[in-house]
Each structure stands twice: as structure tokens, then as C-alpha cells.
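Colleague: Quick one, model-v7.txt (compact mmCIF, C-alpha atoms and all ligand atoms):
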```
# COMPACT_ATOMS: atom_id res chain seq x y z
CA MET M 1269 132.86 97.02 79.86
CA MET M 1270 130.18 94.64 78.55
CA MET M 1271 128.64 95.98 75.29
CA GLN M 1272 124.92 95.49 74.80
CA ASP M 1273 122.50 95.78 71.95
CA LYS M 1274 120.03 98.47 73.01
CA ASN M 1275 117.20 96.04 72.26
CA GLN M 1276 118.66 93.74 74.84
CA ARG M 1277 118.42 95.97 77.83
CA VAL M 1278 118.78 94.28 81.19
CA ALA M 1279 115.61 94.53 83.28
CA LEU M 1280 115.27 93.49 86.91
CA VAL M 1281 111.80 92.87 88.34
CA THR M 1282 111.53 92.48 92.11
CA GLY M 1283 108.90 89.95 93.09
CA GLY M 1284 109.06 88.94 89.46
CA THR M 1285 108.16 85.28 89.92
CA ARG M 1286 104.47 85.51 90.85
CA GLY M 1287 101.40 87.65 90.19
CA ILE M 1288 101.83 91.06 88.58
CA GLY M 1289 105.62 90.75 88.73
CA GLU M 1290 105.53 87.47 86.83
CA ALA M 1291 103.39 89.05 84.11
CA VAL M 1292 105.83 91.99 83.94
CA SER M 1293 108.84 89.65 83.67
CA ARG M 1294 107.20 87.77 80.81
CA ALA M 1295 106.15 91.00 79.02
CA LEU M 1296 109.67 92.44 79.20
CA LEU M 1297 111.12 89.17 77.93
CA GLN M 1298 108.69 89.30 74.98
CA ALA M 1299 109.93 92.85 74.32
CA GLY M 1300 113.41 91.40 73.81
CA MET M 1301 114.99 92.31 77.14
CA THR M 1302 117.24 90.20 79.31
CA VAL M 1303 115.06 89.71 82.36
CA ILE M 1304 116.09 89.05 85.94
CA ALA M 1305 113.35 88.17 88.43
CA THR M 1306 113.78 88.20 92.19
CA TYR M 1307 111.69 86.69 94.96
CA HIS M 1308 111.77 86.28 98.71
CA SER M 1309 110.85 82.80 99.97
CA ASN M 1310 108.54 80.83 97.69
CA ASP M 1311 111.12 78.55 96.05
CA HIS M 1312 108.44 76.31 94.56
CA ALA M 1313 106.80 79.20 92.65
CA ALA M 1314 110.21 80.54 91.60
CA GLN M 1315 111.27 77.17 90.19
CA ALA M 1316 107.98 76.78 88.31
CA PHE M 1317 108.40 80.31 86.94
CA ALA M 1318 111.97 79.62 85.74
CA ARG M 1319 110.82 76.38 84.10
CA THR M 1320 107.82 77.82 82.25
CA SER M 1321 109.07 81.31 81.38
CA GLY M 1322 112.52 80.44 80.09
CA ILE M 1323 113.90 83.17 82.38
CA THR M 1324 116.88 81.63 84.13
CA GLY M 1325 118.06 84.75 85.94
CA VAL M 1326 116.07 84.14 89.11
CA TYR M 1327 117.53 85.39 92.39
CA LYS M 1328 116.38 85.27 96.00
CA TRP M 1329 116.82 88.10 98.47
CA ASP M 1330 114.79 90.34 100.76
CA VAL M 1331 114.18 93.72 99.13
CA GLY M 1332 113.59 95.20 102.58
CA ASP M 1333 117.24 94.58 103.46
CA PHE M 1334 119.64 97.21 102.07
CA ASP M 1335 122.77 95.05 102.28
CA ALA M 1336 121.02 92.12 100.60
CA CYS M 1337 119.95 94.45 97.75
CA ALA M 1338 123.51 95.79 97.36
CA LYS M 1339 124.91 92.26 97.22
CA GLY M 1340 122.12 91.05 94.91
CA VAL M 1341 122.52 93.92 92.43
CA LYS M 1342 126.30 93.38 92.36
CA THR M 1343 125.88 89.66 91.63
CA VAL M 1344 123.26 90.30 88.92
CA GLU M 1345 125.41 92.93 87.22
CA GLU M 1346 128.47 90.69 87.29
CA HIS M 1347 126.52 87.92 85.56
CA HIS M 1348 124.20 89.82 83.22
CA GLY M 1349 125.61 93.32 82.77
CA PRO M 1350 124.40 96.69 84.07
CA ILE M 1351 120.74 97.01 85.02
CA ASP M 1352 118.98 99.41 82.62
CA ILE M 1353 115.43 98.87 83.85
CA LEU M 1354 114.28 98.35 87.41
CA VAL M 1355 110.72 97.43 88.30
CA ASN M 1356 110.10 97.75 92.03
CA ASN M 1357 107.14 95.41 92.27
CA ALA M 1358 107.69 93.27 95.38
CA GLY M 1359 105.04 93.97 97.98
CA ILE M 1360 103.05 92.49 100.84
CA THR M 1361 100.00 93.30 102.90
CA ALA M 1362 99.58 92.89 106.66
CA ASP M 1363 96.14 94.38 107.24
CA ALA M 1364 94.66 95.56 110.52
CA THR M 1365 92.89 98.68 111.67
CA LEU M 1366 95.40 100.99 113.34
CA HIS M 1367 94.01 100.45 116.85
CA LYS M 1368 94.82 96.73 116.46
CA MET M 1369 97.94 96.94 114.30
CA GLN M 1370 101.14 95.51 115.74
CA GLN M 1371 104.41 97.34 115.25
CA GLU M 1372 105.68 94.30 113.29
CA GLN M 1373 102.82 94.65 110.78
CA TRP M 1374 103.65 98.32 110.27
CA SER M 1375 107.39 97.72 109.89
CA ALA M 1376 107.11 94.70 107.60
CA VAL M 1377 104.93 96.57 105.11
CA ILE M 1378 107.01 99.75 105.19
CA HIS M 1379 110.25 97.77 104.77
CA THR M 1380 109.04 95.54 101.95
CA ASN M 1381 106.89 98.04 100.04
CA LEU M 1382 108.62 101.40 100.54
CA ASN M 1383 112.15 101.00 101.91
CA SER M 1384 112.68 98.49 99.10
CA CYS M 1385 112.39 101.33 96.57
CA PHE M 1386 115.27 103.15 98.28
CA ASN M 1387 117.24 99.93 98.74
CA MET M 1388 117.00 98.96 95.08
CA CYS M 1389 117.14 102.41 93.46
CA ARG M 1390 120.13 103.50 95.54
CA ASN M 1391 122.08 100.50 94.27
CA VAL M 1392 121.35 101.07 90.56
CA ILE M 1393 120.99 104.84 90.27
CA GLU M 1394 124.66 105.81 90.05
CA GLY M 1395 125.23 103.35 87.22
CA MET M 1396 122.16 104.55 85.35
CA ARG M 1397 123.23 108.18 85.72
CA ASP M 1398 126.76 107.39 84.56
CA ARG M 1399 125.47 105.51 81.51
CA ARG M 1400 122.86 108.25 80.83
CA TYR M 1401 120.07 105.70 80.53
CA GLY M 1402 117.60 104.13 82.90
CA ARG M 1403 113.96 103.30 83.46
CA ILE M 1404 112.52 102.79 86.93
CA VAL M 1405 108.91 101.73 87.41
CA ASN M 1406 107.60 101.62 90.97
CA ILE M 1407 104.42 99.66 91.62
CA SER M 1408 102.15 101.68 93.90
CA SER M 1409 98.42 100.98 94.38
CA ILE M 1410 94.98 102.52 94.14
CA ASN M 1411 94.98 102.25 97.94
CA GLY M 1412 97.96 104.58 98.15
CA GLN M 1413 95.94 107.11 96.16
CA LYS M 1414 92.61 106.91 97.97
CA GLY M 1415 93.35 105.20 101.32
CA GLN M 1416 91.75 101.93 102.41
CA PHE M 1417 90.15 100.77 105.65
CA GLY M 1418 92.52 98.44 107.52
CA GLN M 1419 95.57 99.47 105.50
CA THR M 1420 97.24 102.47 107.14
CA ASN M 1421 100.58 100.70 106.70
CA TYR M 1422 100.01 99.69 103.07
CA ALA M 1423 98.41 103.03 102.06
CA ALA M 1424 101.30 104.95 103.67
CA ALA M 1425 103.90 102.84 101.85
CA LYS M 1426 102.13 103.08 98.50
CA ALA M 1427 101.51 106.83 98.84
CA GLY M 1428 105.17 107.20 99.83
CA ILE M 1429 106.13 105.54 96.57
CA LEU M 1430 104.30 108.28 94.64
CA GLY M 1431 106.32 111.05 96.34
CA PHE M 1432 109.55 109.08 96.00
CA THR M 1433 108.87 108.60 92.28
CA LYS M 1434 108.28 112.29 91.59
CA ALA M 1435 111.33 113.43 93.56
CA LEU M 1436 113.65 110.92 91.90
CA ALA M 1437 112.17 111.77 88.47
CA LEU M 1438 113.15 115.41 89.03
CA GLU M 1439 116.67 114.45 90.09
CA THR M 1440 117.32 112.23 87.09
CA ALA M 1441 115.31 113.65 84.16
CA HIS M 1442 118.34 115.41 82.72
CA CYS M 1443 120.48 112.27 82.71
CA GLY M 1444 118.27 109.97 80.67
CA VAL M 1445 116.77 108.20 83.67
CA LYS M 1446 112.97 108.15 83.72
CA VAL M 1447 111.03 107.21 86.84
CA HIS M 1448 107.35 106.26 86.94
CA ALA M 1449 104.72 104.89 89.27
CA VAL M 1450 102.02 102.44 88.24
CA ALA M 1451 98.98 102.30 90.49
CA PRO M 1452 97.00 99.11 89.87
CA GLY M 1453 93.50 98.58 91.15
CA TYR M 1454 92.39 95.18 92.39
CA THR M 1455 94.10 92.59 90.22
CA GLU M 1456 93.69 88.81 90.11
CA THR M 1457 96.75 87.52 91.97
CA ASP M 1458 97.45 85.49 95.12
CA MET M 1459 97.34 88.77 97.09
CA VAL M 1460 93.69 89.27 96.14
CA SER M 1461 92.80 85.55 96.31
CA ALA M 1462 93.63 85.82 100.02
CA VAL M 1463 90.65 88.18 100.45
CA PRO M 1464 87.45 86.38 101.62
CA GLU M 1465 84.92 85.66 98.83
CA LYS M 1466 82.29 88.02 100.32
CA VAL M 1467 84.75 90.94 100.47
CA ARG M 1468 85.92 90.13 96.93
CA ALA M 1469 82.32 90.44 95.65
CA GLN M 1470 82.00 93.78 97.46
CA ILE M 1471 85.23 94.98 95.82
CA ILE M 1472 84.02 94.03 92.33
CA GLU M 1473 80.77 95.97 92.95
CA GLN M 1474 82.92 99.10 93.36
CA ILE M 1475 84.77 98.65 90.06
CA PRO M 1476 82.92 100.38 87.18
CA VAL M 1477 84.16 97.90 84.55
CA GLY M 1478 82.68 95.13 86.72
CA ARG M 1479 85.71 92.88 87.12
CA LEU M 1480 89.16 92.58 88.62
CA GLY M 1481 92.20 93.53 86.58
CA HIS M 1482 94.39 90.90 84.97
CA PRO M 1483 98.15 90.90 85.68
CA ASP M 1484 98.85 91.08 81.92
CA GLU M 1485 96.95 94.36 81.73
CA ILE M 1486 99.22 95.91 84.34
CA ALA M 1487 102.29 94.36 82.69
CA ARG M 1488 101.55 95.97 79.33
CA ALA M 1489 101.56 99.42 80.94
CA VAL M 1490 104.84 98.68 82.70
CA ARG M 1491 106.31 97.44 79.43
CA PHE M 1492 105.46 100.76 77.76
CA LEU M 1493 106.94 102.84 80.58
CA ALA M 1494 110.07 100.67 80.57
CA SER M 1495 110.57 101.12 76.83
CA GLU M 1496 112.46 103.59 74.66
CA ASP M 1497 109.01 104.87 73.54
CA ALA M 1498 108.43 106.44 76.96
CA GLY M 1499 111.31 108.90 76.63
CA PHE M 1500 109.08 111.97 77.15
CA VAL M 1501 107.34 110.54 80.22
CA THR M 1502 108.74 110.92 83.72
CA GLY M 1503 107.32 111.29 87.21
CA ALA M 1504 103.96 110.02 85.98
CA THR M 1505 101.48 107.97 87.95
CA PHE M 1506 99.72 105.57 85.61
CA SER M 1507 96.44 104.39 87.17
CA LEU M 1508 94.93 101.12 85.95
CA ASN M 1509 91.90 100.40 88.09
CA GLY M 1510 88.82 99.80 85.94
CA GLY M 1511 87.56 103.30 86.73
CA GLN M 1512 87.40 102.72 90.49
CA TYR M 1513 89.40 105.83 91.30
CA MET M 1514 90.11 108.69 88.92
CA ALA M 1515 93.04 110.63 90.35
P1 LIG F 1601 101.93 88.52 94.99
O1 LIG F 1601 101.72 88.28 96.44
O2 LIG F 1601 101.17 87.70 94.00
O3 LIG F 1601 103.52 88.39 94.63
C1 LIG F 1601 104.42 89.13 95.39
C2 LIG F 1601 105.83 88.94 94.87
O4 LIG F 1601 106.71 89.76 95.66
C3 LIG F 1601 106.35 87.51 95.02
O5 LIG F 1601 107.24 87.20 93.98
C4 LIG F 1601 107.08 87.57 96.36
O6 LIG F 1601 108.10 86.57 96.53
C5 LIG F 1601 107.72 88.95 96.26
N1 LIG F 1601 108.09 89.46 97.57
C6 LIG F 1601 107.31 89.65 98.65
N2 LIG F 1601 108.04 90.12 99.69
C7 LIG F 1601 109.32 90.22 99.24
C8 LIG F 1601 110.54 90.60 99.84
N3 LIG F 1601 110.61 91.02 101.12
N4 LIG F 1601 111.67 90.56 99.09
C9 LIG F 1601 111.63 90.16 97.79
N5 LIG F 1601 110.50 89.80 97.17
C10 LIG F 1601 109.35 89.81 97.89
O7 LIG F 1601 101.66 90.09 94.78
P2 LIG F 1601 100.90 90.85 93.59
O8 LIG F 1601 101.40 90.36 92.29
O9 LIG F 1601 99.46 90.86 93.86
O10 LIG F 1601 101.41 92.34 93.84
C11 LIG F 1601 102.57 92.84 93.21
C12 LIG F 1601 102.68 94.32 93.53
O11 LIG F 1601 101.52 95.00 93.07
C13 LIG F 1601 102.78 94.61 95.02
O12 LIG F 1601 103.65 95.70 95.24
C14 LIG F 1601 101.37 94.99 95.38
O13 LIG F 1601 101.31 95.80 96.52
C15 LIG F 1601 100.94 95.72 94.13
N6 LIG F 1601 99.50 95.78 93.93
C16 LIG F 1601 98.76 94.64 93.83
C17 LIG F 1601 97.42 94.72 93.63
C18 LIG F 1601 96.55 93.51 93.50
O14 LIG F 1601 95.33 93.67 93.48
N7 LIG F 1601 97.09 92.32 93.38
C19 LIG F 1601 96.73 96.02 93.53
C20 LIG F 1601 97.62 97.15 93.63
C21 LIG F 1601 98.95 97.02 93.83
P3 LIG F 1601 107.70 85.09 97.05
O15 LIG F 1601 107.06 84.42 95.87
O16 LIG F 1601 108.99 84.50 97.46
O17 LIG F 1601 106.74 85.27 98.17
```
Before we go any further, please render this structure as C-alpha cells.

Modeller:
Amino acid sequence: MMMQDKNQRVALVTGGTRGIGEAVSRALLQAGMTVIATYHSNDHAAQAFARTSGITGVYKWDVGDFDACAKGVKTVEEHHGPIDILVNNAGITADATLHKMQQEQWSAVIHTNLNSCFNMCRNVIEGMRDRRYGRIVNISSINGQKGQFGQTNYAAAKAGILGFTKALALETAHCGVKVHAVAPGYTETDMVSAVPEKVRAQIIEQIPVGRLGHPDEIARAVRFLASEDAGFVTGATFSLNGGQYMA
């Protein structure tokens, strides 16, 4: 068995090459962890991330595909050692009001945003339980807490993550595995850049602090929850949304 310094925990961040995930990968690296970042299709962004971050453990698979996750986790663990920290961050939107939503839009969002949590957790949880240590941080959203027009698929997936987190936290609290959800508000990433300028201005008007969040602000919260310091926290939902929604 590979022996590890406890300050060199192995952390895997899904969707860890862009946006919030990239900030999380960099924050965990700064905290002294061995960081693995995964992505889905944007090779260009992944290569730029590997070059600028110094994180060479970059892997490509679809987190919505159970078999791909099983194979990916096995490969990562063979090369880097057991995964101690899992951040389920990968996510997409495919917005439409329900009366116009296509079945593909529903399924894609549920697969990528919610089934991914099962697909990834199922493949690391036995190892974490056996080793009596683990940290899982699932990235939900303010829109899973309050609902959002045009996002029945996304809100359902992100609300599902909150229930999944609490149930898994109960199952694993006694074996050193802590499970958390982080619910960001609107944060400056490609996902939000895709929103038309007019809608963006309307969103900012609804945020009491008067601005979007920065990925680093979300990453610092994840870094705390992923750390040894968070040993008495489990099943929590940590909301970072500039005061837009107080759950
Ligand atoms: P981005 O679109 O900037 O980045 C998404 C990342 O997820 C990319 O690395 C992408 O890979 C990866 N990804 C997407 N689909 C898959 C897949 N099927 N398999 C593996 N990886 C995948 O997103 P954000 O940084 O904005 O969002 C990150 C998380 O935070 C998401 O879960 C999102 O729902 C949540 N969130 C975001 C908010 C925001 O305002 N930005 C607010 C609240 C929550 P690739 O580069 O290959 O496309």
C-alpha cells in the first residue's frame, strides 16, 4: 500500500480545469494536496490549465457515465494513490421553460449534475470508509435552494445534491468521511458569461453585495471543508451568494 504524508492528501476535482473547479484545484494545490483535475471535452482549456497551474494530473472522462468514472478513478488511484478528497464540481446548464424543454435537455443536466455525484462517490466511498478518512464536497447552487425560472432540470439536480449530501453524511459520519454541499450564487465563470448582458445586469441588481462572486471566493470555502479543520462539520450546506438567498 502506498504511504502518504497526511499533508499530501490526494484530491480529485471534477470539472477542475475551468471556472470554479479550476479555482478549487489551485486552492487545494496551495494547501499542499496532490490535485487531480478532470474535464469533459475542452482540451484547449485543460492544456492551458495544466501548463499554468503546475497540476499535471489532468484526466478526461464524462462524469455522467458510471463506467467511465469507475475506470477513471481506478486509473487515478493506480497513478497517484487513494483519493482522500472528492469535489463533485462538474456541471452544465441547458435552460428552457418546462413547456419547451426537450427530454435531452432534462437528461443531460440530470446526468452531468446529479448522477455524477453517485457515479463518482460510489467509486471512492468504499476506499474512504476502509481507510477511515474522506472529504466529499458537492457543488450545488443557489438555484437548487430557491428554484429559478427556466431551470427545472438544473434546480432539480442541484436540490437533489443537497438531499444526497445529507443522506451520505449520515451514512459515513462514524467512519471519518465528511460530506458537504457548497451552494454558490452567481459567480464569474464561462457559465455566467454565457448569460446575455441585460440578464446579467438584472441578476446583479438582485445580489445585495452588488456584484457577482469570484471563483476564488467559492474555492476558499471548499478548501476549508476539504481540510482536516472541518472534522466537526458534516452534512452542511455552505451558501456563498452575496446575500441573495438566506436559507
Ligand atoms: P464552467 O462551465 O466554467 O466549467 C465546467 C467544468 O465542468 C469544466 O471543466 C467542464 O469540462 C466540466 N464538465 C462539464 N460537463 C462535464 C462532464 N459531463 N464530465 C466531466 N466534466 C464536465 O462551470 P462553472 O465553473 O461556472 O460551474 C462549476 C460548478 O458550479 C457547476 O456544478 C455549476 O453548476 C456550479 N455553479 C456555478 C455557478 C456560477 O454562477 N458559475 C453558480 C452556482 C453553481 P470542459 O472544460 O471539458 O467543458

Colleague: Would you compute the distance between CA of Gly1412 in chain M and CA of Gly1453 in chain M? Give it in Å to one decimal.

Modeller: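 Rounded to one decimal, the two atoms are 10.2 Å apart.
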
Colleague: CA of Met1459 in chain M to atom C11 of ligand LIG 1601 (chain F): how many Å, to one decimal?

Modeller: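 Distance reported for this atom pair: 7.7 Å.
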
Colleague: Restrict the calculation to only C-alpha atoms and all ligand atoms, then for each residue of chain M with any atom at most 7 Å from an atom of ligand LIG 1601 (chain F) give the closest atom pair and their distance in Å to one decimal, rows by chain and rising residue number, as JSON lines.

Modeller:
```
{"residue": "M:Thr1282", "atom": "CA", "partner": "F:LIG1601", "partner_atom": "N5", "distance": 5.8}
{"residue": "M:Gly1283", "atom": "CA", "partner": "F:LIG1601", "partner_atom": "O5", "distance": 3.3}
{"residue": "M:Gly1284", "atom": "CA", "partner": "F:LIG1601", "partner_atom": "O5", "distance": 5.2}
{"residue": "M:Thr1285", "atom": "CA", "partner": "F:LIG1601", "partner_atom": "O5", "distance": 4.6}
{"residue": "M:Arg1286", "atom": "CA", "partner": "F:LIG1601", "partner_atom": "O5", "distance": 4.5}
{"residue": "M:Gly1287", "atom": "CA", "partner": "F:LIG1601", "partner_atom": "O8", "distance": 3.4}
{"residue": "M:Ile1288", "atom": "CA", "partner": "F:LIG1601", "partner_atom": "O8", "distance": 3.8}
{"residue": "M:Gly1289", "atom": "CA", "partner": "F:LIG1601", "partner_atom": "O8", "distance": 5.5}
{"residue": "M:Thr1306", "atom": "CA", "partner": "F:LIG1601", "partner_atom": "N5", "distance": 6.2}
{"residue": "M:Tyr1307", "atom": "CA", "partner": "F:LIG1601", "partner_atom": "O6", "distance": 3.9}
{"residue": "M:His1308", "atom": "CA", "partner": "F:LIG1601", "partner_atom": "O16", "distance": 3.5}
{"residue": "M:Ser1309", "atom": "CA", "partner": "F:LIG1601", "partner_atom": "O16", "distance": 3.6}
{"residue": "M:Asn1310", "atom": "CA", "partner": "F:LIG1601", "partner_atom": "O16", "distance": 3.7}
{"residue": "M:Asp1311", "atom": "CA", "partner": "F:LIG1601", "partner_atom": "O16", "distance": 6.5}
{"residue": "M:Ala1313", "atom": "CA", "partner": "F:LIG1601", "partner_atom": "O15", "distance": 6.1}
{"residue": "M:Ala1314", "atom": "CA", "partner": "F:LIG1601", "partner_atom": "O15", "distance": 6.6}
{"residue": "M:Trp1329", "atom": "CA", "partner": "F:LIG1601", "partner_atom": "C9", "distance": 5.6}
{"residue": "M:Asp1330", "atom": "CA", "partner": "F:LIG1601", "partner_atom": "N4", "distance": 3.5}
{"residue": "M:Val1331", "atom": "CA", "partner": "F:LIG1601", "partner_atom": "N4", "distance": 4.0}
{"residue": "M:Gly1332", "atom": "CA", "partner": "F:LIG1601", "partner_atom": "N3", "distance": 5.3}
{"residue": "M:Asn1357", "atom": "CA", "partner": "F:LIG1601", "partner_atom": "O12", "distance": 4.6}
{"residue": "M:Ala1358", "atom": "CA", "partner": "F:LIG1601", "partner_atom": "O4", "distance": 3.7}
{"residue": "M:Gly1359", "atom": "CA", "partner": "F:LIG1601", "partner_atom": "O12", "distance": 3.5}
{"residue": "M:Ile1360", "atom": "CA", "partner": "F:LIG1601", "partner_atom": "C6", "distance": 5.6}
{"residue": "M:Thr1361", "atom": "CA", "partner": "F:LIG1601", "partner_atom": "O13", "distance": 7.0}
{"residue": "M:Thr1380", "atom": "CA", "partner": "F:LIG1601", "partner_atom": "N3", "distance": 4.9}
{"residue": "M:Asn1381", "atom": "CA", "partner": "F:LIG1601", "partner_atom": "O12", "distance": 6.2}
{"residue": "M:Ile1407", "atom": "CA", "partner": "F:LIG1601", "partner_atom": "O12", "distance": 5.4}
{"residue": "M:Ser1408", "atom": "CA", "partner": "F:LIG1601", "partner_atom": "C21", "distance": 5.7}
{"residue": "M:Ser1409", "atom": "CA", "partner": "F:LIG1601", "partner_atom": "C20", "distance": 4.0}
{"residue": "M:Ile1410", "atom": "CA", "partner": "F:LIG1601", "partner_atom": "C20", "distance": 6.0}
{"residue": "M:Ala1451", "atom": "CA", "partner": "F:LIG1601", "partner_atom": "C20", "distance": 6.2}
{"residue": "M:Pro1452", "atom": "CA", "partner": "F:LIG1601", "partner_atom": "C20", "distance": 4.3}
{"residue": "M:Gly1453", "atom": "CA", "partner": "F:LIG1601", "partner_atom": "C19", "distance": 4.8}
{"residue": "M:Tyr1454", "atom": "CA", "partner": "F:LIG1601", "partner_atom": "O14", "distance": 3.5}
{"residue": "M:Thr1455", "atom": "CA", "partner": "F:LIG1601", "partner_atom": "O14", "distance": 3.6}
{"residue": "M:Glu1456", "atom": "CA", "partner": "F:LIG1601", "partner_atom": "N7", "distance": 5.9}
{"residue": "M:Thr1457", "atom": "CA", "partner": "F:LIG1601", "partner_atom": "O9", "distance": 4.7}
{"residue": "M:Asp1458", "atom": "CA", "partner": "F:LIG1601", "partner_atom": "O2", "distance": 4.5}
{"residue": "M:Met1459", "atom": "CA", "partner": "F:LIG1601", "partner_atom": "O9", "distance": 4.4}
{"residue": "M:Val1460", "atom": "CA", "partner": "F:LIG1601", "partner_atom": "N7", "distance": 5.3}
```

Colleague: Could you save the residues just selected, with C-alpha atoms, as a PDB file, in the frame of the given file?

Modeller:
```pdb
ATOM      1  CA  THR M1282     111.530  92.480  92.110  1.00  0.00           C
ATOM      2  CA  GLY M1283     108.900  89.950  93.090  1.00  0.00           C
ATOM      3  CA  GLY M1284     109.060  88.940  89.460  1.00  0.00           C
ATOM      4  CA  THR M1285     108.160  85.280  89.920  1.00  0.00           C
ATOM      5  CA  ARG M1286     104.470  85.510  90.850  1.00  0.00           C
ATOM      6  CA  GLY M1287     101.400  87.650  90.190  1.00  0.00           C
ATOM      7  CA  ILE M1288     101.830  91.060  88.580  1.00  0.00           C
ATOM      8  CA  GLY M1289     105.620  90.750  88.730  1.00  0.00           C
ATOM      9  CA  THR M1306     113.780  88.200  92.190  1.00  0.00           C
ATOM     10  CA  TYR M1307     111.690  86.690  94.960  1.00  0.00           C
ATOM     11  CA  HIS M1308     111.770  86.280  98.710  1.00  0.00           C
ATOM     12  CA  SER M1309     110.850  82.800  99.970  1.00  0.00           C
ATOM     13  CA  ASN M1310     108.540  80.830  97.690  1.00  0.00           C
ATOM     14  CA  ASP M1311     111.120  78.550  96.050  1.00  0.00           C
ATOM     15  CA  ALA M1313     106.800  79.200  92.650  1.00  0.00           C
ATOM     16  CA  ALA M1314     110.210  80.540  91.600  1.00  0.00           C
ATOM     17  CA  TRP M1329     116.820  88.100  98.470  1.00  0.00           C
ATOM     18  CA  ASP M1330     114.790  90.340 100.760  1.00  0.00           C
ATOM     19  CA  VAL M1331     114.180  93.720  99.130  1.00  0.00           C
ATOM     20  CA  GLY M1332     113.590  95.200 102.580  1.00  0.00           C
ATOM     21  CA  ASN M1357     107.140  95.410  92.270  1.00  0.00           C
ATOM     22  CA  ALA M1358     107.690  93.270  95.380  1.00  0.00           C
ATOM     23  CA  GLY M1359     105.040  93.970  97.980  1.00  0.00           C
ATOM     24  CA  ILE M1360     103.050  92.490 100.840  1.00  0.00           C
ATOM     25  CA  THR M1361     100.000  93.300 102.900  1.00  0.00           C
ATOM     26  CA  THR M1380     109.040  95.540 101.950  1.00  0.00           C
ATOM     27  CA  ASN M1381     106.890  98.040 100.040  1.00  0.00           C
ATOM     28  CA  ILE M1407     104.420  99.660  91.620  1.00  0.00           C
ATOM     29  CA  SER M1408     102.150 101.680  93.900  1.00  0.00           C
ATOM     30  CA  SER M1409      98.420 100.980  94.380  1.00  0.00           C
ATOM     31  CA  ILE M1410      94.980 102.520  94.140  1.00  0.00           C
ATOM     32  CA  ALA M1451      98.980 102.300  90.490  1.00  0.00           C
ATOM     33  CA  PRO M1452      97.000  99.110  89.870  1.00  0.00           C
ATOM     34  CA  GLY M1453      93.500  98.580  91.150  1.00  0.00           C
ATOM     35  CA  TYR M1454      92.390  95.180  92.390  1.00  0.00           C
ATOM     36  CA  THR M1455      94.100  92.590  90.220  1.00  0.00           C
ATOM     37  CA  GLU M1456      93.690  88.810  90.110  1.00  0.00           C
ATOM     38  CA  THR M1457      96.750  87.520  91.970  1.00  0.00           C
ATOM     39  CA  ASP M1458      97.450  85.490  95.120  1.00  0.00           C
ATOM     40  CA  MET M1459      97.340  88.770  97.090  1.00  0.00           C
ATOM     41  CA  VAL M1460      93.690  89.270  96.140  1.00  0.00           C
TER      42      VAL M1460
END
```

Colleague: With all atoms listed in the file as the basis for distance, which of M:Val1501, M:Ala1299, M:Ser1293, M:Gly1511 is at the shortest distance from Ala1318 in chain M?

Modeller: M:Ser1293

Colleague: Counting all atoms listed in the file, figure out which residue out of M:Tyr1513, M:Phe1500, M:Gly1300, M:Val1278 gets nearest to Gln1413 in chain M.

Modeller: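 Closest residue, counting all atoms listed in the file: M:Tyr1513.
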
Colleague: Taking only C-alpha atoms into account, which of M:Tyr1401, M:Phe1417, M:Tyr1327, M:Phe1492 comes nearest Thr1343 in chain M?

Modeller: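 Checking each candidate against Thr1343 in chain M, we get M:Tyr1327 as the closest.
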
Colleague: Name the residues within 12 Å of (114.9, 109.2, 92.8), counting only C-alpha atoms in the file's coordinates, and put them as a ChimeraX atom specification.

Modeller: /M:1385-1394,1396-1397,1402-1406,1429-1441,1443,1445-1449,1502-1503

Colleague: Box in all listed atoms of range 1308-1322 of chain M, axis-aligned, with 4 Å more on each side; write out centre and edge lengths in Å to one decimal as JSON.

Modeller:
```
{"center_x": 109.7, "center_y": 81.3, "center_z": 90.0, "size_x": 13.7, "size_y": 18.0, "size_z": 27.9}
```

Colleague: Choose the residue, out of M:Ile1323, M:Ala1316, M:Ile1378, M:Ala1425, that has the smallest atom-to-atom separation from Thr1302 in chain M; count only C-alpha atoms.

Modeller: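 Using only C-alpha atoms, the shortest distance to Thr1302 in chain M belongs to M:Ile1323.
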
Colleague: What does the structure give for the distance between CA of Ser1507 in chain M and CA of Ala1487 in chain M, in Å to one decimal?

Modeller: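 Interatomic distance, CA of Ser1507 in chain M to CA of Ala1487 in chain M: 12.4 Å.
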
Colleague: Every residue with an atom at most 7 Å from (117.9, 98.4, 82.5) (file coordinates; all atoms listed in the file) is what I'm after, so could you write them as a list in words?

Modeller: Arg1277, Val1278, Ala1279, Pro1350, Ile1351, Asp1352, Ile1353, Leu1354, Gly1402 and Arg1403 of chain M

Colleague: I need the residue nearest Glu1473 in chain M from this list: M:Asn1356, M:Gln1298, M:Gln1371, M:Gln1512. Use all atoms listed in the file for the distance.

Modeller: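 Of M:Asn1356, M:Gln1298, M:Gln1371, M:Gln1512, the one nearest Glu1473 in chain M, counting all atoms listed in the file, is M:Gln1512.
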